[in-house]
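Take a look at the structure set out below.
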Amino acid sequence: MYREMTEGDFRIAGVDTSRMKPAHIRQTVDYSTSEPPGTIVVDQPTRFLYLVQPNGKAIRYAVGVGPVARSFEGGEAVIANKARWPRWRPTDSMIERNPGHYGKFKDGVAGGPANPMGARALYMHKDGKDTYYRVHGTTDPSSIGKAVSAGCIRLLNQDVIDLYDRVQPGARIVVQ
């Protein structure tokens, strides 16, 4: 499940699951919710993302999130589109907040293994507008389970590929 992968010219490093917390390994779990199957539910405090399945089940993924001050406060959004190996550019507020770190990326970073968004991205829109929050992969597997992102919801690359393949544009995402 977390093996090394190659897509075209891009290599995705394998993840040693013996070094992961068992709860951080993708798994199907019992999950009681009124949300319909296909809904993504992000529990920011526990740092898990659930893809609701039929019959009281969900696929649970461990995530890295932003600190409370930069977390998504919108509650609900829609996955408007998806991208493989997305291009990334920090927002103007990210550059303003930390120019030493983000300023060098002001012109953007092409998709690929060195891109902070990782292998896939799901774009969150609310009321028809881009929120600039994403569900995406990461180049830093050690960030999973922590509140260290700039506000987005990050997964291991293998997990975001799995989620990407299961979710279609138009899917609801509920962030708690």
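Chain labels run A, B, ... following the order of the structure tokens; each chain numbers its residues from 1, and ligands are numbered from 1 in the order shown.
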
For the interface of range 50-78 of chain A with range 125-134 of chain A (cut-off 8 Å, counting only C-alpha atoms), please tabulate each contacting residue of range 50-78 of chain A alongside its nearest pair of atoms and their separation in Å to one decimal, rows sorted by chain and increasing number, as a tab-separated table.
residue	atom	partner	partner_atom	distance
A:Phe72	CA	A:Tyr133	CA	7.2
A:Gly74	CA	A:Lys126	CA	7.7
A:Glu76	CA	A:Lys126	CA	7.2
A:Ala77	CA	A:Lys126	CA	4.7
A:Val78	CA	A:His125	CA	5.3

With N, CA and C atoms retained, export the selected residues as a CSV table (one decimal), in the first residue's frame.
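Okay, result-v1.csv is ready:
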chain,number,residue,atom,x,y,z
A,72,PHE,N,-9.1,25.8,7.8
A,72,PHE,CA,-10.2,26.1,7.0
A,72,PHE,C,-11.4,26.2,7.9
A,74,GLY,N,-14.5,27.2,6.9
A,74,GLY,CA,-15.7,27.3,6.1
A,74,GLY,C,-16.7,26.2,6.3
A,76,GLU,N,-18.1,23.6,5.1
A,76,GLU,CA,-18.4,22.8,3.9
A,76,GLU,C,-17.8,23.4,2.7
A,77,ALA,N,-17.4,22.6,1.8
A,77,ALA,CA,-17.0,23.0,0.5
A,77,ALA,C,-17.3,21.9,-0.5
A,78,VAL,N,-16.9,22.1,-1.7
A,78,VAL,CA,-17.0,21.1,-2.8
A,78,VAL,C,-15.7,20.9,-3.4

Contacts of range 29-34 of chain A at 6 Å or less, counting only C-alpha atoms, minus same-chain residues fewer than 5 places along, as a ChimeraX atom specification?
/A:56-58

Write to file, as an mmCIF file, in the first residue's frame, the residues of the selection just made, with C-alpha atoms.
data_model
loop_
_atom_site.group_PDB
_atom_site.id
_atom_site.type_symbol
_atom_site.label_atom_id
_atom_site.label_comp_id
_atom_site.auth_asym_id
_atom_site.auth_seq_id
_atom_site.Cartn_x
_atom_site.Cartn_y
_atom_site.Cartn_z
ATOM 1 C CA GLY A 56 -21.532 2.776 8.552
ATOM 2 C CA LYS A 57 -17.972 2.530 7.260
ATOM 3 C CA ALA A 58 -15.336 5.005 6.094
#

My list of candidates is A:Pro36, A:Pro54, A:Pro90, A:Pro22. Which is closest to Ala171 in chain A when distances are computed with only C-alpha atoms?
A:Pro36

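All residues within range 109-157 of chain A that the backbone DSSP calculation assigns to strand (DSSP E or B) are Val109, Arg120, Ala121, Leu122, Tyr123, Met124, His125, Lys126, Lys129, Asp130, Thr131, Tyr132, Tyr133, Arg134, Val135, His136, Ala147, Ile153 and Arg154 of chain A.
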
Write a file of the just-selected residues containing N, CA and C atoms, as a PDB file, in the first residue's frame.
ATOM      1  N   VAL A 109       5.903  26.623  -8.681  1.00  0.00           N
ATOM      2  CA  VAL A 109       6.745  25.429  -8.765  1.00  0.00           C
ATOM      3  C   VAL A 109       6.019  24.427  -9.662  1.00  0.00           C
ATOM      4  N   ARG A 120      -0.867  14.637  -5.997  1.00  0.00           N
ATOM      5  CA  ARG A 120      -2.243  14.951  -6.391  1.00  0.00           C
ATOM      6  C   ARG A 120      -2.765  16.108  -5.564  1.00  0.00           C
ATOM      7  N   ALA A 121      -3.801  16.765  -6.097  1.00  0.00           N
ATOM      8  CA  ALA A 121      -4.482  17.823  -5.346  1.00  0.00           C
ATOM      9  C   ALA A 121      -5.969  17.791  -5.667  1.00  0.00           C
ATOM     10  N   LEU A 122      -6.758  18.036  -4.634  1.00  0.00           N
ATOM     11  CA  LEU A 122      -8.199  18.222  -4.754  1.00  0.00           C
ATOM     12  C   LEU A 122      -8.467  19.673  -4.350  1.00  0.00           C
ATOM     13  N   TYR A 123      -9.125  20.436  -5.212  1.00  0.00           N
ATOM     14  CA  TYR A 123      -9.311  21.873  -5.026  1.00  0.00           C
ATOM     15  C   TYR A 123     -10.665  22.156  -4.389  1.00  0.00           C
ATOM     16  N   MET A 124     -10.655  22.819  -3.241  1.00  0.00           N
ATOM     17  CA  MET A 124     -11.867  23.104  -2.481  1.00  0.00           C
ATOM     18  C   MET A 124     -12.453  24.458  -2.874  1.00  0.00           C
ATOM     19  N   HIS A 125     -13.720  24.444  -3.273  1.00  0.00           N
ATOM     20  CA  HIS A 125     -14.443  25.673  -3.583  1.00  0.00           C
ATOM     21  C   HIS A 125     -15.641  25.795  -2.648  1.00  0.00           C
ATOM     22  N   LYS A 126     -15.984  27.017  -2.312  1.00  0.00           N
ATOM     23  CA  LYS A 126     -17.155  27.299  -1.477  1.00  0.00           C
ATOM     24  C   LYS A 126     -17.954  28.405  -2.150  1.00  0.00           C
ATOM     25  N   LYS A 129     -16.546  29.696  -5.377  1.00  0.00           N
ATOM     26  CA  LYS A 129     -15.259  30.396  -5.410  1.00  0.00           C
ATOM     27  C   LYS A 129     -14.157  29.527  -4.812  1.00  0.00           C
ATOM     28  N   ASP A 130     -12.982  29.657  -5.380  1.00  0.00           N
ATOM     29  CA  ASP A 130     -11.819  28.935  -4.877  1.00  0.00           C
ATOM     30  C   ASP A 130     -11.499  29.412  -3.454  1.00  0.00           C
ATOM     31  N   THR A 131     -11.335  28.467  -2.553  1.00  0.00           N
ATOM     32  CA  THR A 131     -10.982  28.817  -1.166  1.00  0.00           C
ATOM     33  C   THR A 131      -9.476  28.941  -0.992  1.00  0.00           C
ATOM     34  N   TYR A 132      -8.716  28.466  -1.959  1.00  0.00           N
ATOM     35  CA  TYR A 132      -7.255  28.363  -1.914  1.00  0.00           C
ATOM     36  C   TYR A 132      -6.785  27.328  -0.893  1.00  0.00           C
ATOM     37  N   TYR A 133      -7.712  26.539  -0.376  1.00  0.00           N
ATOM     38  CA  TYR A 133      -7.352  25.384   0.442  1.00  0.00           C
ATOM     39  C   TYR A 133      -7.401  24.162  -0.458  1.00  0.00           C
ATOM     40  N   ARG A 134      -6.496  23.238  -0.194  1.00  0.00           N
ATOM     41  CA  ARG A 134      -6.397  22.024  -0.999  1.00  0.00           C
ATOM     42  C   ARG A 134      -6.284  20.809  -0.088  1.00  0.00           C
ATOM     43  N   VAL A 135      -6.715  19.681  -0.607  1.00  0.00           N
ATOM     44  CA  VAL A 135      -6.363  18.377  -0.049  1.00  0.00           C
ATOM     45  C   VAL A 135      -5.284  17.882  -1.004  1.00  0.00           C
ATOM     46  N   HIS A 136      -4.082  17.641  -0.494  1.00  0.00           N
ATOM     47  CA  HIS A 136      -2.986  17.322  -1.410  1.00  0.00           C
ATOM     48  C   HIS A 136      -1.961  16.403  -0.756  1.00  0.00           C
ATOM     49  N   ALA A 147      -0.046  19.543  13.123  1.00  0.00           N
ATOM     50  CA  ALA A 147      -0.636  20.821  12.692  1.00  0.00           C
ATOM     51  C   ALA A 147       0.496  21.726  12.225  1.00  0.00           C
ATOM     52  N   ILE A 153      -4.846  20.563   3.761  1.00  0.00           N
ATOM     53  CA  ILE A 153      -4.959  19.240   4.350  1.00  0.00           C
ATOM     54  C   ILE A 153      -4.058  18.331   3.534  1.00  0.00           C
ATOM     55  N   ARG A 154      -2.998  17.815   4.163  1.00  0.00           N
ATOM     56  CA  ARG A 154      -2.024  17.028   3.416  1.00  0.00           C
ATOM     57  C   ARG A 154      -2.050  15.566   3.836  1.00  0.00           C
TER      58      ARG A 154
END

Can you work out which one of A:Met94, A:Arg87, A:Ser18, A:Gln158 has the shortest atom-to-atom distance to Gly108 in chain A, counting only C-alpha atoms?
A:Arg87

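The shell of residues at most 12 Å from Leu163 in chain A, with only C-alpha atoms counted and near chain neighbours (fewer than 6 positions) removed, consists of Arg26, Gly38, Thr39, Ile40, Leu49, Tyr50, Leu51, Val52, Ala58, Ile59, Arg60, Tyr61, Ala62, Ile79, Lys82, Ala119, Arg120, Ala121, Leu122, Val135, His136, Gly137, Arg154, Leu155, Leu156, Asn157 and Ala171 of chain A.
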
Residue among A:Phe48, A:Trp85, A:Tyr164, A:Tyr102 lying closest to Gln27 in chain A, counting only C-alpha atoms:
A:Phe48

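Taking CA of Pro113 in chain A and CA of Pro141 in chain A as endpoints, the distance between them is 12.6 Å.
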